[in-house]
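Undergrad: Next comes structure.cif, mmCIF, C-alpha atoms and all ligand atoms:
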data_upload
loop_
_atom_site.label_atom_id
_atom_site.label_comp_id
_atom_site.auth_asym_id
_atom_site.auth_seq_id
_atom_site.Cartn_x
_atom_site.Cartn_y
_atom_site.Cartn_z
CA MET A 29 140.44 92.65 58.04
CA LYS A 30 142.91 95.52 57.83
CA MET A 31 142.60 98.03 60.69
CA LYS A 32 141.17 101.28 59.38
CA ILE A 33 141.59 103.51 62.45
CA SER A 34 144.67 104.50 64.44
CA GLU A 35 145.95 102.22 67.21
CA GLN A 36 145.40 105.04 69.70
CA LEU A 37 141.77 105.65 68.72
CA ALA A 38 141.04 101.91 68.71
CA ALA A 39 142.51 101.58 72.22
CA GLU A 40 140.54 104.57 73.54
CA ILE A 41 137.28 103.33 72.02
CA ASN A 42 137.96 99.90 73.49
CA ASP A 43 138.31 101.60 76.88
CA GLN A 44 135.12 103.56 76.27
CA ILE A 45 133.23 100.28 75.71
CA ASN A 46 134.19 99.40 79.29
CA LYS A 47 133.05 102.83 80.52
CA GLU A 48 129.68 102.47 78.80
CA PHE A 49 129.13 99.06 80.40
CA TYR A 50 130.18 100.60 83.71
CA SER A 51 127.57 103.34 83.13
CA GLU A 52 124.97 100.63 82.55
CA TYR A 53 125.97 99.00 85.84
CA TYR A 54 126.08 102.31 87.73
CA TYR A 55 122.59 103.30 86.58
CA LEU A 56 121.23 99.86 87.36
CA SER A 57 122.65 100.25 90.86
CA MET A 58 120.89 103.60 91.16
CA ALA A 59 117.66 101.93 89.95
CA ALA A 60 118.00 99.22 92.60
CA TYR A 61 118.40 101.83 95.35
CA LEU A 62 115.37 103.81 94.12
CA GLU A 63 113.25 100.64 93.92
CA SER A 64 114.24 99.85 97.50
CA GLU A 65 113.04 103.34 98.50
CA ASN A 66 109.59 102.62 97.02
CA LEU A 67 110.14 104.90 94.06
CA PRO A 68 109.42 102.48 91.17
CA GLY A 69 109.03 105.25 88.58
CA PHE A 70 112.45 106.67 89.45
CA GLY A 71 113.77 103.10 89.33
CA ASN A 72 112.28 102.63 85.88
CA PHE A 73 113.94 105.82 84.65
CA PHE A 74 117.36 104.44 85.58
CA VAL A 75 116.64 100.95 84.21
CA VAL A 76 115.90 102.63 80.86
CA GLN A 77 119.04 104.76 81.27
CA ALA A 78 121.02 101.55 81.82
CA GLN A 79 119.53 100.10 78.61
CA GLU A 80 120.68 103.20 76.74
CA GLU A 81 124.19 102.72 78.07
CA HIS A 82 124.17 99.13 76.88
CA PHE A 83 123.19 100.41 73.46
CA HIS A 84 126.06 102.96 73.53
CA ALA A 85 128.55 100.21 74.41
CA MET A 86 127.32 97.93 71.62
CA LYS A 87 127.42 100.74 69.08
CA PHE A 88 131.12 101.26 69.91
CA TYR A 89 131.66 97.49 69.81
CA GLN A 90 130.15 97.28 66.33
CA TYR A 91 132.22 100.24 65.15
CA LEU A 92 135.51 98.65 66.20
CA ASN A 93 134.50 95.45 64.40
CA ASP A 94 133.55 97.41 61.28
CA ARG A 95 136.91 99.22 61.28
CA GLY A 96 138.91 96.01 61.63
CA ALA A 97 139.98 96.51 65.26
CA LYS A 98 139.57 93.71 67.80
CA VAL A 99 137.51 94.40 70.92
CA LYS A 100 139.14 93.33 74.18
CA LEU A 101 136.73 93.28 77.10
CA GLU A 102 138.05 94.20 80.55
CA ALA A 103 136.57 93.85 84.05
CA ILE A 104 133.75 96.23 84.93
CA ALA A 105 134.31 98.24 88.13
CA LYS A 106 131.93 97.78 91.07
CA PRO A 107 129.45 100.68 91.22
CA LYS A 108 128.40 102.60 94.34
CA SER A 109 125.27 101.05 95.83
CA ASP A 110 124.35 103.34 98.74
CA PHE A 111 122.75 106.68 98.10
CA LYS A 112 121.17 109.30 100.34
CA SER A 113 118.21 110.42 98.24
CA ALA A 114 116.72 110.63 94.76
CA LEU A 115 118.25 114.10 94.50
CA GLU A 116 121.72 112.75 95.25
CA VAL A 117 121.22 110.04 92.61
CA PHE A 118 120.40 112.61 89.93
CA GLU A 119 123.30 114.85 91.03
CA LEU A 120 125.70 111.91 90.69
CA ALA A 121 124.16 110.93 87.35
CA LEU A 122 124.72 114.49 86.08
CA GLU A 123 128.30 114.44 87.33
CA HIS A 124 128.83 111.08 85.62
CA GLU A 125 127.42 112.30 82.31
CA MET A 126 129.75 115.32 82.42
CA TYR A 127 132.66 112.93 82.90
CA VAL A 128 131.48 110.80 79.95
CA SER A 129 131.16 113.93 77.80
CA SER A 130 134.80 114.78 78.51
CA ARG A 131 135.77 111.26 77.41
CA ILE A 132 133.73 111.50 74.20
CA ASN A 133 135.35 114.88 73.48
CA ASN A 134 138.73 113.25 73.96
CA LEU A 135 137.83 110.56 71.39
CA MET A 136 136.76 113.29 68.97
CA ASP A 137 140.05 115.16 69.55
CA ILE A 138 141.96 112.02 68.54
CA ALA A 139 139.78 111.49 65.43
CA LEU A 140 140.39 115.15 64.46
CA ALA A 141 144.14 114.82 64.95
CA ASP A 142 144.07 111.62 62.85
CA ASN A 143 142.04 113.41 60.17
CA ASP A 144 139.78 110.34 60.35
CA HIS A 145 136.54 111.51 58.72
CA ALA A 146 134.65 108.27 59.28
CA SER A 147 135.34 108.34 63.02
CA LYS A 148 134.45 112.02 63.24
CA GLY A 149 131.04 111.29 61.71
CA PHE A 150 130.54 108.31 63.98
CA LEU A 151 131.55 110.17 67.15
CA GLN A 152 129.36 113.18 66.38
CA TRP A 153 126.36 111.00 67.31
CA TYR A 154 127.81 110.61 70.83
CA VAL A 155 128.63 114.31 71.09
CA ASP A 156 124.97 115.14 70.38
CA GLU A 157 123.74 112.38 72.68
CA GLN A 158 125.80 113.77 75.56
CA VAL A 159 124.24 117.23 75.17
CA GLU A 160 120.83 115.58 75.61
CA GLU A 161 121.91 113.34 78.51
CA GLU A 162 123.44 116.22 80.49
CA ALA A 163 120.43 118.47 79.87
CA ASN A 164 118.08 115.69 80.94
CA MET A 165 119.87 114.96 84.22
CA GLU A 166 120.25 118.65 84.99
CA ASP A 167 116.55 119.21 84.48
CA TYR A 168 115.68 116.57 87.09
CA VAL A 169 118.27 117.92 89.54
CA ASN A 170 116.63 121.35 89.24
CA ARG A 171 113.11 119.98 89.61
CA LEU A 172 114.01 117.93 92.68
CA ASN A 173 115.78 120.90 94.22
CA ARG A 174 112.68 123.04 93.75
CA MET A 175 110.47 120.31 95.24
CA GLY A 176 112.46 119.95 98.43
CA ASP A 177 110.68 117.51 100.73
CA HIS A 178 107.25 117.83 99.12
CA SER A 179 106.14 114.24 98.96
CA TYR A 180 103.25 115.04 96.60
CA GLY A 181 105.66 116.49 94.04
CA ILE A 182 107.96 113.48 94.37
CA LEU A 183 105.03 111.10 93.89
CA MET A 184 103.91 112.97 90.78
CA LEU A 185 107.44 112.86 89.39
CA ASP A 186 107.62 109.14 90.18
CA LYS A 187 104.48 108.65 88.09
CA GLU A 188 105.98 110.66 85.23
CA LEU A 189 109.26 108.70 85.28
CA ALA A 190 107.36 105.39 85.27
CA ALA A 191 106.31 106.17 81.68
CA ARG A 192 109.84 106.24 80.26
CA VAL A 193 110.54 103.45 77.76
CA PHE A 194 113.67 102.48 75.88
CA THR A 195 113.52 103.21 72.15
CA PRO A 196 116.68 102.39 70.20
CA PRO A 197 117.61 105.27 67.87
CA VAL A 198 116.57 104.24 64.33
CA ALA A 199 119.54 105.75 62.46
CA ALA A 200 121.96 103.98 64.77
CA LYS A 201 120.42 100.49 64.80
CA GLN A 202 122.77 97.59 65.45
FE1 LIG B 301 126.72 106.66 77.38
O1 LIG B 301 125.94 108.24 77.82
FE2 LIG B 301 125.40 108.22 79.59
O2 LIG B 301 126.96 107.73 80.34
#
Rewrite the coordinates I just gave you, this time as structure tokens.

TA:
Amino acid sequence: MKMKISEQLAAEINDQINKEFYSEYYYLSMAAYLESENLPGFGNFFVVQAQEEHFHAMKFYQYLNDRGAKVKLEAIAKPKSDFKSALEVFELALEHEMYVSSRINNLMDIALADNDHASKGFLQWYVDEQVEEEANMEDYVNRLNRMGDHSYGILMLDKELAARVFTPPVAAKQ
């Protein structure tokens, strides 16, 4: 199949596939820490987050295939496994999402420079997703900050986070 996107955009998306799998790994590592701290609801939240990252990676994977570019998988970096608290986990998750947003914006900049309308449309989904992911993480950072050491509040939040389930976005099905 003839390649229908620029070499540069294909290479950057290929790299982003690695970053999305790293995100999956990073959030799974956060989940494992939270489970070990007897916070199964918090753990569940990050297991679901990891599933979302897997979905993001596969959506990029499919896109490269569809545009005639070959995916080349690279090694996934080892994630941090020691954390100080649930608050620190959410702070790091927020920081990570802000980093991912900057990478998605960079992909969009390339698609704009290439005047590649198909890629612009495709990447807009990620731009919107990042707004939601950052807002979500920030909300939990704020709530945990307000709670301080109140174990009742943390237990209630753990119960709330236990209810999160992974639902693949319908419009973006693989
Ligand atoms: Fe893939 O959005 Fe989070 O990292």

Undergrad: Would you write out, as a Markdown table, a table of all residues in range 46-106 of chain A that have an atom no more than 9 Å from an atom of range 163-186 of chain A, listing for each the closest atom pair and the distance in Å to one decimal, considering only C-alpha atoms and ordering rows by chain and rising residue number?

TA:
| residue | atom | partner | partner_atom | distance |
| --- | --- | --- | --- | --- |
| A:Leu67 | CA | A:Asp186 | CA | 6.3 |
| A:Pro68 | CA | A:Asp186 | CA | 7.0 |
| A:Gly69 | CA | A:Asp186 | CA | 4.4 |
| A:Phe70 | CA | A:Asp186 | CA | 5.5 |
| A:Gly71 | CA | A:Asp186 | CA | 8.7 |

Undergrad: If I take CA of Ser129 in chain A and atom O2 of ligand LIG 301 (chain B), how far is one from the other in Å, to one decimal?

TA: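 According to the coordinates, CA of Ser129 in chain A and atom O2 of ligand LIG 301 (chain B) are separated by 7.9 Å.
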
Undergrad: Quick one: residues within 6 Å of ligand LIG 301 (chain B), with all atoms listed in the file, as a list of chain:residue names?

TA: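 Residues lying within 6 Å of ligand LIG 301 (chain B): A:Glu48, A:Ser51, A:Glu81, A:His84, A:Glu125, A:Val128, A:Gln158.
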
Undergrad: May I ask which of the residues A:Tyr127, A:Phe88, A:Phe73, A:Phe150 is the closest one to Ala59 in chain A, counting all atoms listed in the file?

TA: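 Of A:Tyr127, A:Phe88, A:Phe73, A:Phe150, the one nearest Ala59 in chain A is A:Phe73, counting all atoms listed in the file.
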
Undergrad: Can you work out the spacing between CA of Asp43 in chain A and CA of Leu115 in chain A in Å, to one decimal?

TA: 29.5 Å

Undergrad: Hey, can you check how far CA of Asn46 in chain A sits from CA of Lys98 in chain A?

TA: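 Distance between the two atoms: 13.9 Å.
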
Undergrad: May I have the protein, DNA and RNA residues with any atom at most 12 Å from the point (125.5, 96.4, 71.9), counting only C-alpha atoms, written as a list in words?

TA: Ile45, Asn46, Glu48, Phe49, Glu52, Gln79, Glu80, Glu81, His82, Phe83, His84, Ala85, Met86, Lys87, Phe88, Tyr89, Gln90, Tyr91, Leu92, Asn93, Pro196, Ala200, Lys201 and Gln202 of chain A

Undergrad: Would you please work out which residue, of A:Val155, A:Ala97, A:Leu189, A:Ala78, is nearest to Ala121 in chain A when using all atoms listed in the file?

TA: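 Nearest candidate to Ala121 in chain A out of A:Val155, A:Ala97, A:Leu189, A:Ala78: A:Ala78.
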
Undergrad: Counting only C-alpha atoms, figure out which residue out of A:Arg95, A:Lys112, A:Lys106, A:Lys30 gets nearest to Tyr61 in chain A.

TA: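 Using only C-alpha atoms, the shortest distance to Tyr61 in chain A belongs to A:Lys112.
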
Undergrad: Within 12 Å of His145 in chain A, counting all atoms listed in the file, which residues show up once you throw out same-chain ones fewer than 6 positions away? Write them as a CSV table (one decimal) with C-alpha atoms, keeping the file's coordinate frame, please.

TA:
chain,number,residue,atom,x,y,z
A,32,LYS,CA,141.2,101.3,59.4
A,33,ILE,CA,141.6,103.5,62.4
A,136,MET,CA,136.8,113.3,69.0
A,137,ASP,CA,140.0,115.2,69.6
A,138,ILE,CA,142.0,112.0,68.5
A,139,ALA,CA,139.8,111.5,65.4
A,151,LEU,CA,131.6,110.2,67.2
A,152,GLN,CA,129.4,113.2,66.4

Undergrad: Once 3 Å is added on each side, what centre and edge lengths in Å to one decimal does the axis-aligned box around all listed atoms of range 67-71 of chain A have, as AutoDock Vina command-line options?

TA:
--center_x 111.4 --center_y 104.6 --center_z 91.3 --size_x 10.7 --size_y 10.2 --size_z 11.5

Undergrad: Please provide as a PyMOL selection string all residues within 10 Å of Met126 in chain A, with the sequence filter that same-chain residues fewer than 3 positions apart are discarded (counting only C-alpha atoms).

TA: chain A and resi 120-123+129-132+158-159+161-162
